[in-house]
Amino acid sequence: MLFTHVSVMAREVMDLLRPETRKRYLDGTLGGGGHAEEILIHSSPDGQVLGFDLDEEALDAARQRLSRFGDRLVLRQANFAAAGAILNEIGWLGVDGIILDLGVSSHQFESPERGFSFRGKARLDMRMDRRQSLDAYQIVNTFSAPELERILRQYGEEPQGRRIALRIAAERKMKTIDTTEELADIVARIKGKRERGHHPATQTFQALRIAVNQELQNLERFLESGYELLEPKGRMVIISFHSLEDRLVKRAFRKWSRNCLCPPRTPTCQCGWNQKVKLLMTRPLSPSPSELDANPRARSAKLRAVERI
Ligand SMILES: C[S@@+](CC[C@H](N)C(=O)[O-])C[C@H]1O[C@@H](n2cnc3c(N)ncnc32)[C@H](O)[C@@H]1O
């Protein structure tokens with residue numbers, strides 16, 4: 001299957017990263033390799049990109065698509081949350097730019113056998129990294145109803161989270177819930193057919209995907225000290241698609257940009273913190289109307305960026 005994913009806000013990402021030859025960049029969410037390709041083109045002839053993805057299929061596709069760049073591209077099946085350790089491993093002291101374009105690619109979403117989509121019928125899987133044991137089947141069939149409810153409400157902002165969780169718990173007593181189709185049917189029976197053009201199971205599937213892949217935990221781990229990966233004047237761009245992700249990014253960037261973290265009115269600073277980055281924007285950027293026309297999937301994207309000082 002051809003790898004299909006249209007890179008989101010590629011022009012804005014390049015304007016902010018301003019790739020240059022002989023510089024090094026980290027693409028922590030390689031996906032189809034679209035952003036990485038742009039960085040490699042703009043940093044010709046000697047810029048380098050280290051690309052991570054949890055998904056082996058994405059790496060294989062990117063390896064093929066970007067083969068013409070030879071050893072300017074280094075690929076790892078890795079989690080961006082562990083970026084520091086991998087930079088050490090390959091002997092890079094830091095990078096001049098980082099892009100994280102969070103979530104799943106259209107390719108993952110549209111590959112029915114991966115179980116990310118409520119369309120089609122597949123085993124409940126949803127793992128980006130297929131070496132991982134936790135999958136959607138386990139969550140749906142073994143997590144307690146209160147835990148399921150928390151996942152649906154928190155990650156899917158699903159107002160009917162409680163009813164759906166209780167129904168799942170009741171159904172699985174009779175028979176395990178094996179497929180995307182079975183789960184989508186259970187949710188549709190509770191929520192009715194379609195709301196505002198969305199499939200009724202959209203939020204349930206999103207919530208499970210976030211839980212299976214620990215998406216918020218990975219982002220939090222990265223944001224603990226991600227600025228340390230940047231060389232002075234190096235830039236970091238993060239595109240998120242979920243309000244919880246954007247909130248984490250906003251808070252971390254604000255913290256990194258402050259010169260002191262002591263409570264207000266503390267007479268002398270005791271935290272020892274100093275400013276790590278400069279904010280490149282106070283409000284997040286969104287895709288332009290023309291991008292949204294061409295790629296409606298970009299609609300919830302929010303982009304934030306900082307520069308290391
Ligand atoms: C939205 S796509 C990226 C698309 C890419 N920027 C492009 O232009 O083609 C997100 C990708 O990040 C990967 N991913 C998500 N979380 C990850 C993590 N914590 N570490 C590494 N890769 C991750 C997913 O498997 C997916 O392939």
# chains A, B, ... in the order shown; residues from 1 in each chain; ligands from 1
call {"tool": "closest_atom_pairs", "arguments": {"of": "chain A", "to": "ligand 1", "cutoff": "6 Å", "atoms": "only C-alpha atoms and all ligand atoms", "output": "CSV"}}
result
residue,atom,partner,partner_atom_place_in_ligand_line,distance
A:His5,CA,ligand 1,9 (O),5.6
A:Ser7,CA,ligand 1,8 (O),3.8
A:Gly28,CA,ligand 1,21 (C),5.5
A:Thr29,CA,ligand 1,12 (O),3.6
A:Leu30,CA,ligand 1,5 (C),4.8
A:Gly31,CA,ligand 1,27 (O),3.4
A:Gly32,CA,ligand 1,9 (O),3.5
A:Gly33,CA,ligand 1,9 (O),4.3
A:Gly34,CA,ligand 1,8 (O),3.5
A:His35,CA,ligand 1,8 (O),4.2
A:Phe52,CA,ligand 1,21 (C),5.3
A:Asp53,CA,ligand 1,22 (N),3.5
A:Leu54,CA,ligand 1,22 (N),4.4
A:Asp55,CA,ligand 1,25 (O),4.8
A:Ala58,CA,ligand 1,27 (O),5.6
A:Ala78,CA,ligand 1,21 (C),5.6
A:Asn79,CA,ligand 1,20 (N),3.4
A:Phe80,CA,ligand 1,20 (N),4.2
A:Ala81,CA,ligand 1,19 (N),5.9
A:Asp101,CA,ligand 1,6 (N),5.1
A:Leu102,CA,ligand 1,10 (C),5.1
A:Gly103,CA,ligand 1,10 (C),4.9
A:Val104,CA,ligand 1,26 (C),4.5
A:Ser105,CA,ligand 1,2 (S),3.9
A:Met128,CA,ligand 1,25 (O),5.0
A:Asn218,CA,ligand 1,19 (N),5.3
call {"tool": "write_last_selection", "arguments": {"atoms": "N, CA and C atoms", "output": "compact mmCIF listing (two decimals), in the first residue's frame"}}
result
# COMPACT_ATOMS: atom_id res chain seq x y z
N HIS A 5 0.21 10.36 3.43
CA HIS A 5 0.04 11.32 4.53
C HIS A 5 0.47 12.68 4.02
N SER A 7 1.70 16.24 4.81
CA SER A 7 2.31 16.91 5.96
C SER A 7 1.53 18.17 6.33
N GLY A 28 11.09 13.90 15.37
CA GLY A 28 10.73 12.88 16.37
C GLY A 28 9.52 12.07 15.96
N THR A 29 8.82 12.49 14.90
CA THR A 29 7.59 11.81 14.47
C THR A 29 7.62 11.73 12.93
N LEU A 30 8.46 10.88 12.46
CA LEU A 30 8.79 10.85 11.03
C LEU A 30 7.56 10.61 10.13
N GLY A 31 6.70 9.66 10.52
CA GLY A 31 5.50 9.35 9.72
C GLY A 31 5.86 9.08 8.28
N GLY A 32 5.21 9.79 7.36
CA GLY A 32 5.50 9.59 5.94
C GLY A 32 6.79 10.23 5.50
N GLY A 33 7.46 10.97 6.38
CA GLY A 33 8.75 11.58 6.04
C GLY A 33 8.61 12.91 5.33
N GLY A 34 7.41 13.48 5.31
CA GLY A 34 7.19 14.74 4.58
C GLY A 34 7.96 15.91 5.17
N HIS A 35 7.86 16.10 6.49
CA HIS A 35 8.61 17.21 7.10
C HIS A 35 10.11 16.95 6.99
N PHE A 52 12.82 9.64 14.00
CA PHE A 52 12.28 8.56 14.85
C PHE A 52 10.86 8.26 14.43
N ASP A 53 10.49 7.03 14.55
CA ASP A 53 9.08 6.67 14.59
C ASP A 53 8.96 5.40 15.41
N LEU A 54 7.82 5.26 16.07
CA LEU A 54 7.58 4.01 16.81
C LEU A 54 7.15 2.91 15.85
N ASP A 55 6.72 3.32 14.68
CA ASP A 55 6.07 2.41 13.75
C ASP A 55 7.06 1.97 12.67
N ALA A 58 6.19 2.94 9.09
CA ALA A 58 6.47 4.34 8.74
C ALA A 58 7.95 4.48 8.41
N ALA A 78 12.20 4.45 17.43
CA ALA A 78 12.40 4.95 18.78
C ALA A 78 11.30 5.92 19.17
N ASN A 79 11.22 6.14 20.48
CA ASN A 79 10.24 7.03 21.06
C ASN A 79 10.89 8.39 21.26
N PHE A 80 10.21 9.45 20.84
CA PHE A 80 10.84 10.76 21.02
C PHE A 80 11.03 11.10 22.49
N ALA A 81 10.29 10.41 23.36
CA ALA A 81 10.48 10.64 24.80
C ALA A 81 11.88 10.23 25.24
N ASP A 101 5.34 16.28 15.26
CA ASP A 101 4.03 16.43 14.62
C ASP A 101 3.22 15.25 15.18
N LEU A 102 2.47 15.54 16.25
CA LEU A 102 1.98 14.46 17.12
C LEU A 102 0.84 13.65 16.50
N GLY A 103 0.56 12.53 17.15
CA GLY A 103 -0.60 11.73 16.77
C GLY A 103 -0.28 10.66 15.74
N VAL A 104 -1.32 10.24 15.01
CA VAL A 104 -1.14 9.19 14.01
C VAL A 104 -1.09 9.79 12.61
N SER A 105 -0.52 9.04 11.68
CA SER A 105 -0.51 9.49 10.28
C SER A 105 -1.79 9.00 9.61
N MET A 128 1.06 1.83 17.72
CA MET A 128 2.01 2.38 16.76
C MET A 128 3.22 1.45 16.70
N ASN A 218 4.15 10.23 26.88
CA ASN A 218 5.37 10.41 26.09
C ASN A 218 5.67 11.89 25.89
call {"tool": "closest_atom_pairs", "arguments": {"of": "segment 29-125 of chain A", "to": "segment 222-240 of chain A", "cutoff": "9 Å", "atoms": "only C-alpha atoms", "output": "Markdown table"}}
result
| residue | atom | partner | partner_atom | distance |
| --- | --- | --- | --- | --- |
| A:Phe80 | CA | A:Phe222 | CA | 6.7 |
| A:Ala81 | CA | A:Phe222 | CA | 4.5 |
| A:Ala82 | CA | A:Phe222 | CA | 7.3 |
| A:Ala83 | CA | A:Phe222 | CA | 7.8 |
| A:Gly84 | CA | A:Leu229 | CA | 6.6 |
| A:Leu87 | CA | A:Leu229 | CA | 8.3 |
| A:Leu93 | CA | A:Leu229 | CA | 7.7 |
| A:Gly94 | CA | A:Leu229 | CA | 5.0 |
| A:Val95 | CA | A:Leu230 | CA | 5.1 |
| A:Asp96 | CA | A:Gly234 | CA | 4.1 |
| A:Gly97 | CA | A:Arg235 | CA | 4.7 |
| A:Ile98 | CA | A:Met236 | CA | 4.6 |
| A:Ile99 | CA | A:Val237 | CA | 4.9 |
| A:Leu100 | CA | A:Ile238 | CA | 4.8 |
| A:Asp101 | CA | A:Ile239 | CA | 4.8 |
| A:Leu102 | CA | A:Ser240 | CA | 5.4 |
| A:Gly103 | CA | A:Ser240 | CA | 7.5 |
call {"tool": "closest_residue", "arguments": {"among": "A:Ala170, A:Leu59, A:Tyr155, A:Ile164", "to": "Asp129 of chain A", "atoms": "only C-alpha atoms"}}
result
A:Leu59
call {"tool": "select_by_dssp", "arguments": {"residues": "segment 83-285 of chain A", "states": "alpha helix (DSSP H)", "output": "PyMOL selection string"}}
result
chain A and resi 83-90+106-110+136-142+145-156+161-174+180-191+202-212+215-225+243-257
call {"tool": "closest_residue", "arguments": {"among": "A:Ile86, A:Pro263, A:Gln206, A:Thr4", "to": "Ser106 of chain A", "atoms": "only C-alpha atoms"}}
result
A:Thr4
call {"tool": "atom_distance", "arguments": {"atom1": "atom CA of Arg22 of chain A", "atom2": "atom CA of Ile39 of chain A"}}
result
11.9 Å
call {"tool": "select_by_dssp", "arguments": {"residues": "segment 124-284 of chain A", "states": "strand (DSSP E or B)", "output": "PDB file with N, CA, C and O atoms, in the first residue's frame"}}
result
ATOM      1  N   THR A 179     -13.256  -6.958  17.692  1.00  0.00           N
ATOM      2  CA  THR A 179     -12.955  -6.178  16.482  1.00  0.00           C
ATOM      3  C   THR A 179     -13.387  -4.707  16.605  1.00  0.00           C
ATOM      4  O   THR A 179     -14.221  -4.347  17.446  1.00  0.00           O
ATOM      5  N   GLU A 195     -23.495  12.106  14.538  1.00  0.00           N
ATOM      6  CA  GLU A 195     -23.717  13.458  15.058  1.00  0.00           C
ATOM      7  C   GLU A 195     -22.788  14.397  14.313  1.00  0.00           C
ATOM      8  O   GLU A 195     -21.615  14.103  14.162  1.00  0.00           O
ATOM      9  N   HIS A 198     -19.932  13.346  12.248  1.00  0.00           N
ATOM     10  CA  HIS A 198     -18.929  12.459  12.827  1.00  0.00           C
ATOM     11  C   HIS A 198     -19.521  11.084  13.102  1.00  0.00           C
ATOM     12  O   HIS A 198     -20.658  10.984  13.517  1.00  0.00           O
ATOM     13  N   LEU A 230      18.536  21.057  22.377  1.00  0.00           N
ATOM     14  CA  LEU A 230      18.770  22.095  21.366  1.00  0.00           C
ATOM     15  C   LEU A 230      20.098  22.805  21.578  1.00  0.00           C
ATOM     16  O   LEU A 230      20.444  23.174  22.710  1.00  0.00           O
ATOM     17  N   GLU A 231      20.784  23.061  20.493  1.00  0.00           N
ATOM     18  CA  GLU A 231      21.957  23.938  20.501  1.00  0.00           C
ATOM     19  C   GLU A 231      21.459  25.380  20.701  1.00  0.00           C
ATOM     20  O   GLU A 231      20.296  25.673  20.383  1.00  0.00           O
ATOM     21  N   PRO A 232      22.342  26.297  21.153  1.00  0.00           N
ATOM     22  CA  PRO A 232      21.924  27.704  21.241  1.00  0.00           C
ATOM     23  C   PRO A 232      21.343  28.173  19.901  1.00  0.00           C
ATOM     24  O   PRO A 232      21.887  27.836  18.849  1.00  0.00           O
ATOM     25  N   LYS A 233      20.248  28.889  19.973  1.00  0.00           N
ATOM     26  CA  LYS A 233      19.508  29.388  18.795  1.00  0.00           C
ATOM     27  C   LYS A 233      18.767  28.287  18.038  1.00  0.00           C
ATOM     28  O   LYS A 233      18.121  28.547  17.022  1.00  0.00           O
ATOM     29  N   GLY A 234      18.904  27.046  18.513  1.00  0.00           N
ATOM     30  CA  GLY A 234      18.146  25.941  17.902  1.00  0.00           C
ATOM     31  C   GLY A 234      16.660  26.128  18.184  1.00  0.00           C
ATOM     32  O   GLY A 234      16.272  26.714  19.203  1.00  0.00           O
ATOM     33  N   ARG A 235      15.827  25.659  17.284  1.00  0.00           N
ATOM     34  CA  ARG A 235      14.382  25.883  17.425  1.00  0.00           C
ATOM     35  C   ARG A 235      13.603  24.580  17.553  1.00  0.00           C
ATOM     36  O   ARG A 235      14.007  23.572  16.963  1.00  0.00           O
ATOM     37  N   MET A 236      12.512  24.644  18.280  1.00  0.00           N
ATOM     38  CA  MET A 236      11.645  23.473  18.444  1.00  0.00           C
ATOM     39  C   MET A 236      10.234  23.851  18.007  1.00  0.00           C
ATOM     40  O   MET A 236       9.713  24.884  18.437  1.00  0.00           O
ATOM     41  N   VAL A 237       9.646  23.004  17.168  1.00  0.00           N
ATOM     42  CA  VAL A 237       8.284  23.243  16.681  1.00  0.00           C
ATOM     43  C   VAL A 237       7.447  22.021  17.042  1.00  0.00           C
ATOM     44  O   VAL A 237       7.844  20.887  16.745  1.00  0.00           O
ATOM     45  N   ILE A 238       6.327  22.252  17.695  1.00  0.00           N
ATOM     46  CA  ILE A 238       5.450  21.117  18.032  1.00  0.00           C
ATOM     47  C   ILE A 238       4.046  21.390  17.485  1.00  0.00           C
ATOM     48  O   ILE A 238       3.459  22.446  17.747  1.00  0.00           O
ATOM     49  N   ILE A 239       3.544  20.410  16.730  1.00  0.00           N
ATOM     50  CA  ILE A 239       2.176  20.514  16.204  1.00  0.00           C
ATOM     51  C   ILE A 239       1.333  19.498  16.963  1.00  0.00           C
ATOM     52  O   ILE A 239       1.656  18.292  16.970  1.00  0.00           O
ATOM     53  N   SER A 240       0.273  19.970  17.603  1.00  0.00           N
ATOM     54  CA  SER A 240      -0.597  19.031  18.319  1.00  0.00           C
ATOM     55  C   SER A 240      -2.004  19.086  17.737  1.00  0.00           C
ATOM     56  O   SER A 240      -2.371  20.034  17.034  1.00  0.00           O
ATOM     57  N   VAL A 277      14.522  29.225  26.941  1.00  0.00           N
ATOM     58  CA  VAL A 277      14.095  29.471  25.555  1.00  0.00           C
ATOM     59  C   VAL A 277      13.387  30.821  25.461  1.00  0.00           C
ATOM     60  O   VAL A 277      12.945  31.376  26.465  1.00  0.00           O
ATOM     61  N   LYS A 278      13.250  31.250  24.227  1.00  0.00           N
ATOM     62  CA  LYS A 278      12.422  32.433  23.932  1.00  0.00           C
ATOM     63  C   LYS A 278      11.198  31.909  23.177  1.00  0.00           C
ATOM     64  O   LYS A 278      11.356  31.066  22.269  1.00  0.00           O
ATOM     65  N   LEU A 279      10.007  32.405  23.537  1.00  0.00           N
ATOM     66  CA  LEU A 279       8.795  31.980  22.817  1.00  0.00           C
ATOM     67  C   LEU A 279       8.780  32.653  21.449  1.00  0.00           C
ATOM     68  O   LEU A 279       9.015  33.853  21.356  1.00  0.00           O
TER      69      LEU A 279
END
call {"tool": "residues_around", "arguments": {"residues": "Leu66 of chain A", "least_positions_apart": "6", "cutoff": "9 Å", "atoms": "only C-alpha atoms", "output": "MDAnalysis selection string"}}
result
chainID A and resid 33 36:37 40 73
call {"tool": "residues_around", "arguments": {"residues": "Leu261 of chain A", "least_positions_apart": "4", "cutoff": "12 Å", "atoms": "only C-alpha atoms", "output": "ChimeraX atom specification"}}
result
/A:254-257,265-266,268-275
call {"tool": "write_last_selection", "arguments": {"atoms": "N, CA and C atoms", "output": "JSON list (two decimals), in the first residue's frame"}}
result
[["chain", "number", "residue", "atom", "x", "y", "z"],
["A", 254, "ARG", "N", 5.99, 27.85, 28.29],
["A", 254, "ARG", "CA", 5.93, 29.03, 29.17],
["A", 254, "ARG", "C", 6.94, 28.88, 30.30],
["A", 255, "LYS", "N", 6.98, 27.68, 30.88],
["A", 255, "LYS", "CA", 7.92, 27.44, 31.98],
["A", 255, "LYS", "C", 9.35, 27.66, 31.49],
["A", 256, "TRP", "N", 9.69, 27.06, 30.36],
["A", 256, "TRP", "CA", 11.05, 27.18, 29.85],
["A", 256, "TRP", "C", 11.43, 28.63, 29.55],
["A", 257, "SER", "N", 10.41, 29.47, 29.26],
["A", 257, "SER", "CA", 10.72, 30.84, 28.85],
["A", 257, "SER", "C", 10.81, 31.79, 30.05],
["A", 265, "ARG", "N", 6.13, 37.18, 44.61],
["A", 265, "ARG", "CA", 6.47, 37.90, 45.86],
["A", 265, "ARG", "C", 7.50, 37.18, 46.72],
["A", 266, "THR", "N", 8.19, 36.15, 46.19],
["A", 266, "THR", "CA", 9.32, 35.59, 46.94],
["A", 266, "THR", "C", 10.42, 36.64, 46.90],
["A", 268, "THR", "N", 13.78, 36.80, 47.44],
["A", 268, "THR", "CA", 14.94, 36.52, 46.58],
["A", 268, "THR", "C", 14.75, 35.15, 45.95],
["A", 269, "CYS", "N", 15.20, 35.03, 44.73],
["A", 269, "CYS", "CA", 14.97, 33.79, 43.98],
["A", 269, "CYS", "C", 15.65, 32.61, 44.69],
["A", 270, "GLN", "N", 14.87, 31.51, 44.82],
["A", 270, "GLN", "CA", 15.45, 30.33, 45.45],
["A", 270, "GLN", "C", 15.39, 29.11, 44.54],
["A", 271, "CYS", "N", 14.81, 29.29, 43.36],
["A", 271, "CYS", "CA", 14.59, 28.09, 42.53],
["A", 271, "CYS", "C", 15.81, 27.73, 41.70],
["A", 272, "GLY", "N", 16.65, 28.71, 41.44],
["A", 272, "GLY", "CA", 17.86, 28.41, 40.66],
["A", 272, "GLY", "C", 17.58, 28.21, 39.17],
["A", 273, "TRP", "N", 16.34, 28.38, 38.79],
["A", 273, "TRP", "CA", 15.96, 28.21, 37.37],
["A", 273, "TRP", "C", 16.36, 29.45, 36.59],
["A", 274, "ASN", "N", 16.75, 29.29, 35.34],
["A", 274, "ASN", "CA", 16.87, 30.47, 34.49],
["A", 274, "ASN", "C", 16.26, 30.18, 33.13],
["A", 275, "GLN", "N", 16.09, 31.23, 32.38],
["A", 275, "GLN", "CA", 15.37, 31.11, 31.11],
["A", 275, "GLN", "C", 16.11, 30.19, 30.15]]
call {"tool": "closest_residue", "arguments": {"among": "A:Val8, A:Pro146, A:Gly47, A:His42", "to": "Leu26 of chain A", "atoms": "only C-alpha atoms"}}
result
A:Gly47
call {"tool": "residues_around", "arguments": {"residues": "Glu149 of chain A", "least_positions_apart": "4", "cutoff": "12 Å", "atoms": "only C-alpha atoms", "output": "count of residues only"}}
result
26
call {"tool": "atom_distance", "arguments": {"atom1": "atom CA of Ile190 of chain A", "atom2": "atom CA of Arg172 of chain A"}}
result
15.5 Å
